[in-house]
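Q: Pasting in a structure now, in structure tokens, and then I'll have a few things to ask.
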Amino acid sequence: MTRTVVRASGLTKRYGSFTAVDAVDFSLEENRIYGLLGRNGAGKTTVMQMLTGQIFPNGGELEVFGRAPAEHADVLRRICFIAESQRYPDSFNASHVFTAAPWFFESWDAAFAERLVDDFRLPLKRYIKKLSRGQLSAVGVIVGLASRAPLTFFDEPYLGLDAVARQIFYDRLLEDYAEHPRTIVLSTHLIDEVANLLEHLLVIDQGRILLDRDADEVRGSATTVAGGRAAVESFVADRAVIGREGIGGLASVTIDGRLSQADRIQAAELGLELAPVSLQQLIVHMTGTDLRADAIEQEVAA
Amino acid sequence: MDESRPIFLQIAEQVENDIIDGSLPEGSQIPSTNEFAAFLRVNPATALKGVNRLVDDGIVEKRRGIGMFVTLGARARLIERRRAQFATEYIRPLIVEAEKLGIDIDELAGLLRAERINS
């Protein structure tokens, strides 16, 4: 039986006349890895701040581990939130951070943290403010992993981390999650890098949830069809189009919905190229304003 | 991993391929879900879904507390299933492309034979 860790309904946050999060409904189940995806300013961080009791919602219901998170120590104790630009006291070095961490996280694993320090080659005795951007991110990543909090949020955790360090992060996350299952929310722009780690996706745009589906259902659910404009248009005529590009007599149209074997044969017979759409491209289509698409549709209409 | 299809299907297919080519003999143990997840860098739930599919198809069986093992007769059943799909997945696209290039069936058969001798 999976337990629901977070339940939000009609959750809303307004800043003056700006609605950052607009009456969203979603839930997070225990021991799954979620991807919270969306553009800058979409409302991702605001959602996470409400879930972690850092700010109060203006409306709606929110339960984390069965109760409102703000000011409930028994809830907050089980949560770890790694912010994009986590601040630390000026007099701290990394080893101070790791010494203080177990005061807040009861499942803290010091040996695991030590191993991660080696993996990331993090200098322990250097003042936090003297660390490079990537090293600072490594401090956050280590706290997030070694805390083993039942509900862990990583909000763009790896600014400045190089490709090797990001790979270490993904590998350690998977290994440790397999041994110590917990609920993890990963918010990131590097969608293709993390796509395979995620079990469930929440895509948010302009304060609303655009997509709330299992990653496996989303994978391969969109296809780009390219070829001669007439052939492409006839192939996509009865399908849900989510993106359109073209030049001269050539068109490339992205459609939603899985293709059957018969569809593929038909496309091959029409001389069309079918290309899978990566999760990242799909989200670009869903959350981007496709200016060129409007232009083409006007052109087609004319 | 191929972007166009669910990963769990690809994991199941990979194991099936290993069974068909004999690298995973019947009765042998397949890697654990966590081993698949770590090796392929995918979510363990996805790997579990792939393995469960093989269990549902009777290709592998769970021995409690030990792990997953290839069932007896799995290889023959997989080959039978793959043969049934062979025409639509391989022959049909081949004919479509051949027709595009003006290669008739006799010429295509000749090409197949020639290719076989070369390899």
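Please note that chains go A, B, ... in the order of the structure tokens, that every chain numbers its residues from 1, and that ligands are numbered from 1 in the order shown.
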Which chain A residues are at most 9 Å from chain B (counting only C-alpha atoms), as an MDAnalysis selection string?
A: chainID A and resid 32:33 170:171 174:175 177:179 194:199 215:223 261 265 268:269 271 275:279
Q: Any chance you can output those residues with N, CA and C atoms as a short mmCIF file (atom, residue, chain, number, x, y, z; two decimals), in the first residue's frame?
A:
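Contents of again30.cif, freshly written:
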```cif
data_model
loop_
_atom_site.label_atom_id
_atom_site.label_comp_id
_atom_site.auth_asym_id
_atom_site.auth_seq_id
_atom_site.Cartn_x
_atom_site.Cartn_y
_atom_site.Cartn_z
N ARG A 32 8.44 7.69 -4.02
CA ARG A 32 8.57 7.85 -5.47
C ARG A 32 9.48 9.04 -5.73
N ILE A 33 10.07 9.05 -6.94
CA ILE A 33 10.89 10.19 -7.34
C ILE A 33 10.09 11.02 -8.34
N TYR A 170 23.47 11.87 -9.67
CA TYR A 170 22.41 10.97 -10.13
C TYR A 170 22.66 9.54 -9.67
N ASP A 171 23.92 9.10 -9.81
CA ASP A 171 24.24 7.71 -9.44
C ASP A 171 24.05 7.46 -7.96
N LEU A 174 20.32 7.40 -7.02
CA LEU A 174 19.64 6.14 -7.37
C LEU A 174 20.04 5.01 -6.42
N GLU A 175 21.35 4.90 -6.18
CA GLU A 175 21.85 3.84 -5.30
C GLU A 175 21.22 3.95 -3.92
N TYR A 177 18.60 5.69 -2.95
CA TYR A 177 17.15 5.59 -2.99
C TYR A 177 16.72 4.12 -3.02
N ALA A 178 17.50 3.29 -3.77
CA ALA A 178 17.16 1.87 -3.85
C ALA A 178 17.27 1.21 -2.48
N GLU A 179 18.27 1.63 -1.71
CA GLU A 179 18.46 1.04 -0.38
C GLU A 179 17.59 1.68 0.68
N VAL A 194 17.82 14.04 -16.31
CA VAL A 194 17.20 13.33 -15.18
C VAL A 194 15.99 12.50 -15.61
N ALA A 195 15.63 12.59 -16.89
CA ALA A 195 14.37 11.98 -17.34
C ALA A 195 14.21 10.53 -16.87
N ASN A 196 15.29 9.75 -16.97
CA ASN A 196 15.18 8.32 -16.65
C ASN A 196 15.13 8.04 -15.15
N LEU A 197 15.47 9.05 -14.35
CA LEU A 197 15.45 8.84 -12.90
C LEU A 197 14.04 9.04 -12.34
N LEU A 198 13.21 9.73 -13.09
CA LEU A 198 11.93 10.15 -12.54
C LEU A 198 10.86 9.08 -12.74
N GLU A 199 10.02 8.94 -11.72
CA GLU A 199 8.92 7.99 -11.85
C GLU A 199 7.65 8.73 -12.26
N ALA A 215 6.08 8.99 -15.72
CA ALA A 215 7.08 9.27 -16.75
C ALA A 215 7.00 8.23 -17.87
N ASP A 216 6.70 6.99 -17.51
CA ASP A 216 6.62 5.95 -18.53
C ASP A 216 5.50 6.17 -19.53
N GLU A 217 4.40 6.77 -19.04
CA GLU A 217 3.29 7.04 -19.94
C GLU A 217 3.65 8.17 -20.89
N VAL A 218 4.47 9.09 -20.39
CA VAL A 218 4.79 10.27 -21.18
C VAL A 218 5.84 9.94 -22.24
N ARG A 219 6.76 9.05 -21.88
CA ARG A 219 7.82 8.68 -22.82
C ARG A 219 7.23 8.07 -24.08
N GLY A 220 7.60 8.59 -25.22
CA GLY A 220 7.12 8.05 -26.49
C GLY A 220 5.69 8.43 -26.80
N SER A 221 5.12 9.35 -25.98
CA SER A 221 3.73 9.73 -26.22
C SER A 221 3.64 10.82 -27.27
N ALA A 222 4.77 11.38 -27.68
CA ALA A 222 4.74 12.39 -28.74
C ALA A 222 5.78 12.04 -29.80
N THR A 223 5.48 12.41 -31.03
CA THR A 223 6.36 12.07 -32.15
C THR A 223 6.43 13.27 -33.08
N GLN A 261 1.75 0.40 -35.07
CA GLN A 261 2.59 -0.16 -36.13
C GLN A 261 2.02 0.26 -37.49
N ILE A 265 3.85 2.27 -40.59
CA ILE A 265 3.95 1.79 -41.97
C ILE A 265 3.38 2.83 -42.92
N ALA A 268 5.85 5.55 -43.37
CA ALA A 268 6.95 5.13 -44.23
C ALA A 268 6.52 5.16 -45.70
N GLU A 269 5.28 4.73 -45.93
CA GLU A 269 4.79 4.71 -47.32
C GLU A 269 4.61 6.12 -47.87
N GLY A 271 6.59 8.41 -47.15
CA GLY A 271 7.94 8.97 -47.20
C GLY A 271 8.22 9.95 -46.07
N ALA A 275 10.35 10.90 -35.73
CA ALA A 275 11.41 11.00 -34.72
C ALA A 275 10.78 11.09 -33.34
N PRO A 276 11.34 10.35 -32.38
CA PRO A 276 10.80 10.44 -31.03
C PRO A 276 11.07 11.83 -30.45
N VAL A 277 10.20 12.25 -29.56
CA VAL A 277 10.35 13.56 -28.92
C VAL A 277 10.83 13.30 -27.50
N SER A 278 11.95 13.87 -27.14
CA SER A 278 12.45 13.66 -25.78
C SER A 278 11.55 14.42 -24.81
N LEU A 279 11.64 14.01 -23.56
CA LEU A 279 10.84 14.66 -22.53
C LEU A 279 11.09 16.17 -22.54
#
```
Q: Please provide the set of residues having any atom within 10 Å of Arg126 in chain A, restricted to only C-alpha atoms, with same-chain residues fewer than 6 positions apart removed, written as a VMD selection string.
A: chain A and resid 92 to 95
Q: Using N, CA and C atoms, can you export the residues from the last selection as a PDB file, in the first residue's frame?
A:
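Now in result05.pdb:
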```pdb
ATOM      1  N   PHE A  92      30.930  29.777   8.576  1.00  0.00           N
ATOM      2  CA  PHE A  92      30.906  28.325   8.390  1.00  0.00           C
ATOM      3  C   PHE A  92      31.859  27.860   7.299  1.00  0.00           C
ATOM      4  N   ASN A  93      32.430  26.662   7.513  1.00  0.00           N
ATOM      5  CA  ASN A  93      32.997  25.929   6.389  1.00  0.00           C
ATOM      6  C   ASN A  93      32.129  24.677   6.202  1.00  0.00           C
ATOM      7  N   ALA A  94      32.468  23.881   5.167  1.00  0.00           N
ATOM      8  CA  ALA A  94      31.598  22.750   4.839  1.00  0.00           C
ATOM      9  C   ALA A  94      31.481  21.766   6.000  1.00  0.00           C
ATOM     10  N   SER A  95      32.574  21.581   6.744  1.00  0.00           N
ATOM     11  CA  SER A  95      32.502  20.588   7.817  1.00  0.00           C
ATOM     12  C   SER A  95      31.569  21.063   8.938  1.00  0.00           C
TER      13      SER A  95
END
```
Q: When distances are computed from only C-alpha atoms, which of A:Ile247, A:Ala8, A:Met48, A:Ala267 shows the smallest separation from Asp25 in chain A?
A: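 Checking each candidate against Asp25 in chain A, we get A:Ala8 as the closest.
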Q: Contacts of Gly207 in chain A at 12 Å or less, counting only C-alpha atoms, minus same-chain residues fewer than 5 places along, as an mmCIF file with N, CA and C atoms, in the first residue's frame?
A:
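File around-v1.cif, as written:
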```cif
data_model
loop_
_atom_site.group_PDB
_atom_site.id
_atom_site.type_symbol
_atom_site.label_atom_id
_atom_site.label_comp_id
_atom_site.auth_asym_id
_atom_site.auth_seq_id
_atom_site.Cartn_x
_atom_site.Cartn_y
_atom_site.Cartn_z
ATOM 1 N N GLY A 10 -6.633 22.896 -4.516
ATOM 2 C CA GLY A 10 -6.920 24.324 -4.660
ATOM 3 C C GLY A 10 -5.822 25.214 -4.104
ATOM 4 N N LEU A 11 -4.626 24.667 -4.003
ATOM 5 C CA LEU A 11 -3.530 25.408 -3.378
ATOM 6 C C LEU A 11 -3.183 26.671 -4.177
ATOM 7 N N THR A 12 -3.180 27.786 -3.479
ATOM 8 C CA THR A 12 -3.011 29.071 -4.150
ATOM 9 C C THR A 12 -2.024 29.952 -3.387
ATOM 10 N N LYS A 13 -1.185 30.665 -4.143
ATOM 11 C CA LYS A 13 -0.319 31.679 -3.530
ATOM 12 C C LYS A 13 -0.342 32.918 -4.399
ATOM 13 N N ARG A 14 -0.685 34.032 -3.777
ATOM 14 C CA ARG A 14 -0.703 35.304 -4.499
ATOM 15 C C ARG A 14 0.306 36.254 -3.882
ATOM 16 N N PHE A 18 -0.347 39.411 -8.386
ATOM 17 C CA PHE A 18 0.244 38.313 -9.157
ATOM 18 C C PHE A 18 -0.061 36.968 -8.498
ATOM 19 N N THR A 19 -0.639 36.074 -9.262
ATOM 20 C CA THR A 19 -0.932 34.742 -8.735
ATOM 21 C C THR A 19 0.185 33.792 -9.142
ATOM 22 N N ALA A 20 1.024 33.445 -8.175
ATOM 23 C CA ALA A 20 2.188 32.595 -8.466
ATOM 24 C C ALA A 20 1.774 31.141 -8.619
ATOM 25 N N VAL A 21 0.836 30.713 -7.761
ATOM 26 C CA VAL A 21 0.338 29.341 -7.835
ATOM 27 C C VAL A 21 -1.179 29.445 -7.804
ATOM 28 N N ASP A 22 -1.820 28.871 -8.822
ATOM 29 C CA ASP A 22 -3.217 29.153 -9.079
ATOM 30 C C ASP A 22 -4.092 27.912 -8.871
ATOM 31 N N ALA A 23 -4.554 27.710 -7.664
ATOM 32 C CA ALA A 23 -5.515 26.643 -7.345
ATOM 33 C C ALA A 23 -5.102 25.286 -7.911
ATOM 34 N N VAL A 24 -3.921 24.819 -7.527
ATOM 35 C CA VAL A 24 -3.453 23.530 -8.058
ATOM 36 C C VAL A 24 -3.852 22.364 -7.152
ATOM 37 N N ASP A 25 -4.128 21.243 -7.793
ATOM 38 C CA ASP A 25 -4.446 20.000 -7.094
ATOM 39 C C ASP A 25 -3.397 18.968 -7.479
ATOM 40 N N LEU A 37 8.721 20.124 -13.038
ATOM 41 C CA LEU A 37 9.354 20.752 -14.179
ATOM 42 C C LEU A 37 8.557 21.960 -14.644
ATOM 43 N N GLY A 38 9.256 22.914 -15.207
ATOM 44 C CA GLY A 38 8.587 24.104 -15.714
ATOM 45 C C GLY A 38 9.600 25.195 -15.949
ATOM 46 N N ARG A 39 9.162 26.264 -16.579
ATOM 47 C CA ARG A 39 10.081 27.347 -16.918
ATOM 48 C C ARG A 39 10.389 28.199 -15.685
ATOM 49 N N ASN A 40 11.304 29.122 -15.851
ATOM 50 C CA ASN A 40 11.586 30.071 -14.771
ATOM 51 C C ASN A 40 10.305 30.823 -14.446
ATOM 52 N N GLY A 41 10.035 31.001 -13.170
ATOM 53 C CA GLY A 41 8.859 31.774 -12.772
ATOM 54 C C GLY A 41 7.548 31.030 -12.951
ATOM 55 N N ALA A 42 7.611 29.727 -13.226
ATOM 56 C CA ALA A 42 6.378 28.965 -13.438
ATOM 57 C C ALA A 42 5.634 28.729 -12.127
ATOM 58 N N GLY A 43 6.366 28.779 -11.014
ATOM 59 C CA GLY A 43 5.733 28.555 -9.710
ATOM 60 C C GLY A 43 6.292 27.356 -8.964
ATOM 61 N N LYS A 44 7.356 26.755 -9.501
ATOM 62 C CA LYS A 44 7.914 25.540 -8.892
ATOM 63 C C LYS A 44 8.404 25.800 -7.473
ATOM 64 N N THR A 45 9.232 26.829 -7.339
ATOM 65 C CA THR A 45 9.819 27.106 -6.031
ATOM 66 C C THR A 45 8.732 27.509 -5.034
ATOM 67 N N THR A 46 7.745 28.287 -5.493
ATOM 68 C CA THR A 46 6.654 28.702 -4.610
ATOM 69 C C THR A 46 5.915 27.475 -4.071
ATOM 70 N N VAL A 47 5.653 26.503 -4.955
ATOM 71 C CA VAL A 47 4.986 25.270 -4.516
ATOM 72 C C VAL A 47 5.831 24.590 -3.443
ATOM 73 N N LEU A 202 5.423 16.226 -12.788
ATOM 74 C CA LEU A 202 4.482 17.322 -12.610
ATOM 75 C C LEU A 202 5.057 18.482 -13.413
ATOM 76 N N THR A 287 5.200 24.157 -22.830
ATOM 77 C CA THR A 287 5.272 25.380 -22.031
ATOM 78 C C THR A 287 5.809 26.566 -22.819
#
```
Q: I'd like to know which residues of chain B are strand (DSSP E or B) (by DSSP, run on the backbone); could you write them as a list in words?
A: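 Taking chain B and keeping strand (DSSP E or B) gives Gln29, Ile30, Val60, Glu61, Lys62, Arg63, Gly67, Met68, Phe69 and Val70 of chain B.
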Q: Just want the 6 Å neighbourhood of Pro69 in chain A, counted on only C-alpha atoms, with same-chain residues fewer than 5 positions away dropped. Output as a list of chain:residue names.
A: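 The neighbour list is A:Gly53, A:Val64, A:Val75.
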Q: Using only C-alpha atoms for the distances, tell me which of B:Arg116, B:Arg75, B:Arg81, B:Arg64 is nearest to Asp18 in chain B.
A: B:Arg75
Q: From the list B:Ala76, B:Ala12, B:Ile19, B:Leu24, which residue is nearest Val55 in chain B when using only C-alpha atoms?
A: B:Ala12
Q: What lies within 10 Å of Thr183 in chain A using only C-alpha atoms, ignoring chain neighbours under 6 positions off, as a ChimeraX atom specification?
A: /A:5-6,28-34,79,148-153,177
Q: What gap, in Å, lies between CA of Tyr15 in chain A and CA of Leu51 in chain A?
A: 17.0 Å
Q: As an exercise, work out the distance from CA of Leu122 in chain A to CA of Leu136 in chain A in Å and give it to one decimal place.
A: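 It comes out at 8.9 Å.
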Q: So which residues of range 187-233 of chain A fall under alpha helix (DSSP H) by DSSP, listed as a PDB file with C-alpha atoms, in the first residue's frame?
A:
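Once written, out.pdb looks like this:
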```pdb
ATOM      1  CA  ILE A 191      15.233  17.575 -18.027  1.00  0.00           C
ATOM      2  CA  ASP A 192      16.921  15.158 -20.421  1.00  0.00           C
ATOM      3  CA  GLU A 193      19.628  14.411 -17.868  1.00  0.00           C
ATOM      4  CA  VAL A 194      17.200  13.329 -15.183  1.00  0.00           C
ATOM      5  CA  ALA A 215       7.083   9.269 -16.753  1.00  0.00           C
ATOM      6  CA  ASP A 216       6.624   5.946 -18.533  1.00  0.00           C
ATOM      7  CA  GLU A 217       3.291   7.045 -19.944  1.00  0.00           C
ATOM      8  CA  VAL A 218       4.791  10.274 -21.184  1.00  0.00           C
ATOM      9  CA  ARG A 229       4.166  19.621 -46.272  1.00  0.00           C
ATOM     10  CA  ALA A 230       1.194  18.002 -48.068  1.00  0.00           C
ATOM     11  CA  ALA A 231       2.110  14.509 -46.858  1.00  0.00           C
ATOM     12  CA  VAL A 232       2.742  15.690 -43.292  1.00  0.00           C
ATOM     13  CA  GLU A 233      -0.537  17.594 -43.173  1.00  0.00           C
TER      14      GLU A 233
END
```
Q: Compile the contact shell of range 70-74 of chain B as a list in words: residues with an atom at most 6 Å away, counting only C-alpha atoms, same-chain residues fewer than 4 positions apart removed.
A: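 Surrounding residues, per the criterion: Glu26, Gly27, Ser28, Ile59 and Val60 of chain B.
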Q: How many Å lie between CA of Glu84 in chain A and CA of Gln49 in chain A, rounded to one decimal?
A: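 Separation of CA of Glu84 in chain A and CA of Gln49 in chain A: 11.9 Å.
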